[in-house]
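Beneath this line is the structure, given in structure tokens, with notes to follow.
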Amino acid sequence: MSTRFHSHRIFLIAAFALAGSAFTQAQTIHALTVQDALELAKKNNIQVKTALTNLAVQEQTNKELTADALPTIAATGTSTNYFQIPVIVLAANSFGPGFPPTSQAVSLNQKFNLTAGVTLNQKLFDGAVFVGLKARSTALDYYKKNIDLTIENLAVNVYKTYYSLVISKTQIELLDANIARAEKFLHDTKVMNENGFAEKLDVDKAVVQLANLQTSRENTQTNITNGYLTLKFLIGLPAVDSVQLATSFDEAQLKGGIPMDLQYKYEDRNDYQVLQISRQLSEFDVKRYKAVYYPTLSLNGAYQKNALNNTFDLFTNASTWYSTSYVGLSLNVPIFSGFSKDANLKKARLQSTLLGDQLDNLKQNIDVEVRTARNTFINSIRNMDNQRDNTSLAESVYNQTKKKYESGLASTTDLTNAQTDLIQAQTNFINALYNAVVAKVDYLKAIGKI
């Protein structure tokens with residue numbers, strides 16, 4: 001091997017080592033309880049951030065609505081230099097006998113004109129503006145409640161994903177135990193076949209069973225890996241980071257701490273509150289479109305200084321500035337606008353009616369959802385208990401069959417069937433655990449206690 005090639009290989013090994021070191025350093029390990037995961041989700045999840053941004057946008061919209069009710073003050077200034085001074089024409093004898101008998105062109109302007117002043121405008125009465133001011137806090141409540149609803153839906157996904165990963169630990173442990181049994185059974189069967197006490201078919205069956213278990217574990221591990229990626233996405237962690245679950249599964253806690261008496265309130269549901277606030281906002285819309293039929297009244301005023309001269313010496317002591325000021329009221333009485341106001345008002349009333357119907361429909365849905373979720377949860381707990389007992393029984397059957405097999409009182413088929421039944425019972429138990437977790441989360445969400 002040449003020295004040049006050897007050096008090149010050393011360089012590649014060092015490069016890979018450095019890259020691996022950088023990758024390892026880029027990873028962060030997070031030991032998270034389920035509450036830790038939920039807090040991270042509230043902080044990092046993009047849907048929560050979007051809901052918070054929508055609230056901030058509404059806060060600025062409210063400031064804009066407030067500004068409509070405040071006075072507007074503006075400084076004004078104009079400067080004019082006439083190249084040709086405009087004139088007006090006075091008719092003949094405009095000022096009586098003794099004046100020129102023909103029409104005369106007369107200029108009333110100076111070559112240079114400068115005007116500076118301040119104007120004021122204040123709305124004294126505008127029904128649409130006043131309705132908008134009243135609706136500000138309700139609009140904020142709508143976006144605040146949308147944040148709560150977003151967090152609630154996020155919590156449901158975090159709980160389900162987190163506990164599915166917790167339960168998967170038990171699933172992997174059971175699979176590893178079954179693989180160990182299958183490997184020992186295959187070894188024993190091969191020895192018995194070599195000594196003439198078992199057929200080649202028995203060895204093949206043992207190989208198939210072991211392969212099936214190994215495939216099942218690989219698929220389960222892939223699902224777990226993808227589950228961790230989903231959890232990291234929900235709580236806003238980088239995909240390269242590592243998560244350790246610090247909350248264990250507790251069947252007693254799963255069964256307890258949940259009201260089962262069907263004494264729930266619609267107002268505990270965030271989606272119901274959002275719809276309630278939406279209807280309140282629609283009622284403000286009705287009032288706003290009613291208000292456009294009312295007259296509007298505004299106060300306006302101005303103070304101005306004017307300088308006029310034929311030479312540009314407007315800022316010298318020889319220049320004279322003339323003051324003008326006024327205060328006035330502006331009244332606008334709507335008379336006809338092509339029926340657009342009537343159409344908008346009717347549309348707002350219909351929208352309010354629709355939201356009322358949606359509230360009634362949501363109440364019915366909640367009644368059904370609560371009862372359905374409660375029945376599912378009760379059945380899931382019962383099924384979990386049954387499957388746990390069934391797993392214990394299947395394990396006992398397998399152990400007894402194994403002893404008989406080792407004593408020559410049971411066949412290979414008997415032992416294989418017993419192990420298959422045990423694997424199926426364990427699978428059913430894992431599914432029952434997960435279904436019970438999902439059922440509890442769904443029930444808590446249904447009654448607004450998530």
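Every chain in the structure tokens has a letter given in the order shown (A, B, ...), and although residue numbers restart at 1 in each chain, ligands are simply numbered from 1 in the order shown.
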Pick out the residues sitting within 12 Å of Val208 in chain A, and hand them over as a short mmCIF file (atom, residue, chain, number, x, y, z; two decimals) with N, CA and C atoms, in the first residue's frame; count only C-alpha atoms, and ignore anything fewer than 6 positions along from it in its own chain.
data_model
loop_
_atom_site.label_atom_id
_atom_site.label_comp_id
_atom_site.auth_asym_id
_atom_site.auth_seq_id
_atom_site.Cartn_x
_atom_site.Cartn_y
_atom_site.Cartn_z
N ILE A 179 -38.92 -12.63 21.14
CA ILE A 179 -37.81 -12.99 20.24
C ILE A 179 -36.81 -13.88 20.96
N ALA A 182 -38.30 -17.25 21.04
CA ALA A 182 -38.29 -17.86 19.71
C ALA A 182 -36.89 -18.32 19.32
N GLU A 183 -35.88 -17.53 19.68
CA GLU A 183 -34.50 -17.91 19.37
C GLU A 183 -34.11 -19.18 20.13
N PHE A 185 -36.21 -21.43 21.25
CA PHE A 185 -37.01 -22.53 20.71
C PHE A 185 -36.41 -23.03 19.40
N LEU A 186 -35.94 -22.10 18.55
CA LEU A 186 -35.32 -22.49 17.29
C LEU A 186 -34.04 -23.28 17.56
N LEU A 201 -39.57 -29.87 9.30
CA LEU A 201 -40.72 -28.98 9.24
C LEU A 201 -40.84 -28.16 10.52
N ASP A 202 -40.54 -28.80 11.65
CA ASP A 202 -40.60 -28.07 12.92
C ASP A 202 -39.56 -26.95 12.98
N GLN A 214 -39.16 -10.76 14.43
CA GLN A 214 -38.12 -9.76 14.13
C GLN A 214 -38.66 -8.68 13.19
N THR A 215 -39.46 -9.09 12.22
CA THR A 215 -40.07 -8.11 11.31
C THR A 215 -41.03 -7.19 12.08
N THR A 416 -45.89 -24.11 19.61
CA THR A 416 -45.96 -22.99 18.66
C THR A 416 -47.32 -22.28 18.77
N THR A 420 -47.98 -18.41 19.79
CA THR A 420 -48.77 -17.55 18.91
C THR A 420 -49.92 -16.89 19.67
#
Non-local contacts of Ser392 in chain A (12 Å; only C-alpha atoms; under 3 positions in same chain excluded) as a PDB file with N, CA and C atoms, in the first residue's frame:
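Final output, saved to part_21.pdb:
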ATOM      1  N   ASP A 385     -58.531  -4.103  31.082  1.00  0.00           N
ATOM      2  CA  ASP A 385     -58.454  -5.064  32.194  1.00  0.00           C
ATOM      3  C   ASP A 385     -58.578  -6.499  31.686  1.00  0.00           C
ATOM      4  N   ASN A 386     -59.520  -6.700  30.769  1.00  0.00           N
ATOM      5  CA  ASN A 386     -59.714  -8.048  30.227  1.00  0.00           C
ATOM      6  C   ASN A 386     -58.479  -8.537  29.473  1.00  0.00           C
ATOM      7  N   GLN A 387     -57.895  -7.641  28.676  1.00  0.00           N
ATOM      8  CA  GLN A 387     -56.739  -8.044  27.887  1.00  0.00           C
ATOM      9  C   GLN A 387     -55.510  -8.281  28.770  1.00  0.00           C
ATOM     10  N   ARG A 388     -55.398  -7.544  29.886  1.00  0.00           N
ATOM     11  CA  ARG A 388     -54.306  -7.800  30.815  1.00  0.00           C
ATOM     12  C   ARG A 388     -54.457  -9.193  31.418  1.00  0.00           C
ATOM     13  N   ASP A 389     -55.682  -9.516  31.852  1.00  0.00           N
ATOM     14  CA  ASP A 389     -55.928 -10.852  32.415  1.00  0.00           C
ATOM     15  C   ASP A 389     -55.715 -11.935  31.364  1.00  0.00           C
ATOM     16  N   GLU A 395     -49.831 -16.332  28.982  1.00  0.00           N
ATOM     17  CA  GLU A 395     -48.454 -16.584  29.411  1.00  0.00           C
ATOM     18  C   GLU A 395     -48.378 -17.828  30.286  1.00  0.00           C
ATOM     19  N   SER A 396     -49.397 -18.021  31.134  1.00  0.00           N
ATOM     20  CA  SER A 396     -49.434 -19.217  31.975  1.00  0.00           C
ATOM     21  C   SER A 396     -49.587 -20.471  31.127  1.00  0.00           C
ATOM     22  N   VAL A 397     -50.457 -20.387  30.102  1.00  0.00           N
ATOM     23  CA  VAL A 397     -50.654 -21.525  29.191  1.00  0.00           C
ATOM     24  C   VAL A 397     -49.353 -21.845  28.471  1.00  0.00           C
ATOM     25  N   TYR A 398     -48.669 -20.797  28.012  1.00  0.00           N
ATOM     26  CA  TYR A 398     -47.414 -21.013  27.290  1.00  0.00           C
ATOM     27  C   TYR A 398     -46.386 -21.689  28.199  1.00  0.00           C
ATOM     28  N   ASN A 399     -46.262 -21.216  29.430  1.00  0.00           N
ATOM     29  CA  ASN A 399     -45.274 -21.788  30.353  1.00  0.00           C
ATOM     30  C   ASN A 399     -45.577 -23.267  30.656  1.00  0.00           C
ATOM     31  N   ASP A 421     -50.584 -17.676  20.504  1.00  0.00           N
ATOM     32  CA  ASP A 421     -51.679 -17.118  21.317  1.00  0.00           C
ATOM     33  C   ASP A 421     -51.161 -16.062  22.290  1.00  0.00           C
ATOM     34  N   LEU A 422     -49.982 -16.296  22.857  1.00  0.00           N
ATOM     35  CA  LEU A 422     -49.398 -15.333  23.776  1.00  0.00           C
ATOM     36  C   LEU A 422     -49.063 -14.031  23.059  1.00  0.00           C
ATOM     37  N   ILE A 423     -48.460 -14.154  21.878  1.00  0.00           N
ATOM     38  CA  ILE A 423     -48.111 -12.952  21.106  1.00  0.00           C
ATOM     39  C   ILE A 423     -49.367 -12.162  20.754  1.00  0.00           C
ATOM     40  N   ALA A 425     -52.234 -12.177  22.362  1.00  0.00           N
ATOM     41  CA  ALA A 425     -52.781 -11.592  23.596  1.00  0.00           C
ATOM     42  C   ALA A 425     -51.991 -10.340  23.989  1.00  0.00           C
ATOM     43  N   GLN A 426     -50.670 -10.395  23.851  1.00  0.00           N
ATOM     44  CA  GLN A 426     -49.853  -9.227  24.171  1.00  0.00           C
ATOM     45  C   GLN A 426     -50.145  -8.065  23.220  1.00  0.00           C
ATOM     46  N   PHE A 429     -53.330  -6.506  24.191  1.00  0.00           N
ATOM     47  CA  PHE A 429     -53.178  -5.724  25.422  1.00  0.00           C
ATOM     48  C   PHE A 429     -52.553  -4.362  25.130  1.00  0.00           C
TER      49      PHE A 429
END
For Lys445 in chain A, list every protein, DNA or RNA residue within 9 Å, evaluated using only C-alpha atoms, and leave out those in the same chain fewer than 3 positions away; present the list as a ChimeraX atom specification.
/A:152-153,156,269,370,440-442,448-450
Output C-alpha atoms for every residue in that selection, as a compact mmCIF listing (two decimals), in the first residue's frame.
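Output file part_2.txt follows:
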# COMPACT_ATOMS: atom_id res chain seq x y z
CA GLU A 152 -56.46 22.54 23.42
CA ASN A 153 -56.27 20.80 20.04
CA VAL A 156 -54.84 16.44 22.50
CA ARG A 269 -65.79 23.90 25.62
CA VAL A 370 -69.80 13.43 25.52
CA LYS A 440 -59.62 9.28 28.11
CA VAL A 441 -58.15 12.21 26.17
CA ASP A 442 -61.18 12.31 23.87
CA GLY A 448 -63.96 20.67 28.19
CA LYS A 449 -61.49 19.47 30.84
CA ILE A 450 -58.43 18.65 28.76
Write out as a PyMOL selection string all residues of range 141-333 of chain A that DSSP puts in helix (DSSP H, G or I) for this structure's backbone.
chain A and resi 141-194+200-235+251-255+266-268+270-291
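For range 113-250 of chain A, backbone-based DSSP assignment of strand (DSSP E or B) covers Asn113, Leu114, Thr115, Ala116, Gly117, Val118, Thr119, Leu120, Asn121, Gln122, Lys123, Leu124, Phe125, Ser242, Val243, Gln244 and Leu245 of chain A.
Using only C-alpha atoms for every distance, the candidate list A:Thr320, A:Gln104, A:Ser380, A:Thr61 yields A:Ser380 as the residue closest to Leu254 in chain A.
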Write out as a ChimeraX atom specification which residues come within 6 Å of range 327-341 of chain A when counting only C-alpha atoms, dropping same-chain ones fewer than 3 positions away.
/A:295-301,344
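Closest approach to Asn62 in chain A among A:Gln263, A:Ala139, A:Gly127, A:Glu194: A:Ala139, based on only C-alpha atoms.
Distances here use only C-alpha atoms; by that measure, the residue among A:Ile46, A:Val158, A:Leu174, A:Leu359 closest to Val437 in chain A is A:Val158.
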Quick one: residues within 10 Å of Gln424 in chain A, only C-alpha atoms counted, chain neighbours fewer than 5 positions away excluded, as a count of residues only?
6
Extract, using only C-alpha atoms, all DNA, RNA and protein residues at most 7 Å from range 68-85 of chain A, discarding same-chain residues fewer than 4 positions from it, and format them as a PyMOL selection string.
chain A and resi 64+107+109+111-123+129
I want to know what sits within 9 Å of Ala91 in chain A, based on only C-alpha atoms, with residues of the same chain fewer than 5 positions away left out; could you give that as a ChimeraX atom specification?
/A:101-105
Export, as a PDB file, in the first residue's frame, the selected residues with C-alpha atoms.
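Ended up saving to again-v8.pdb:
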ATOM      1  CA  PRO A 101     -68.281 102.292 -18.813  1.00  0.00           C
ATOM      2  CA  THR A 102     -66.545  99.165 -20.205  1.00  0.00           C
ATOM      3  CA  SER A 103     -65.620  95.833 -18.684  1.00  0.00           C
ATOM      4  CA  GLN A 104     -62.373  95.849 -16.762  1.00  0.00           C
ATOM      5  CA  ALA A 105     -59.914  92.989 -15.975  1.00  0.00           C
TER       6      ALA A 105
END
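Across the structure, CA of Asp176 in chain A and CA of Thr220 in chain A are spaced 11.4 Å apart.
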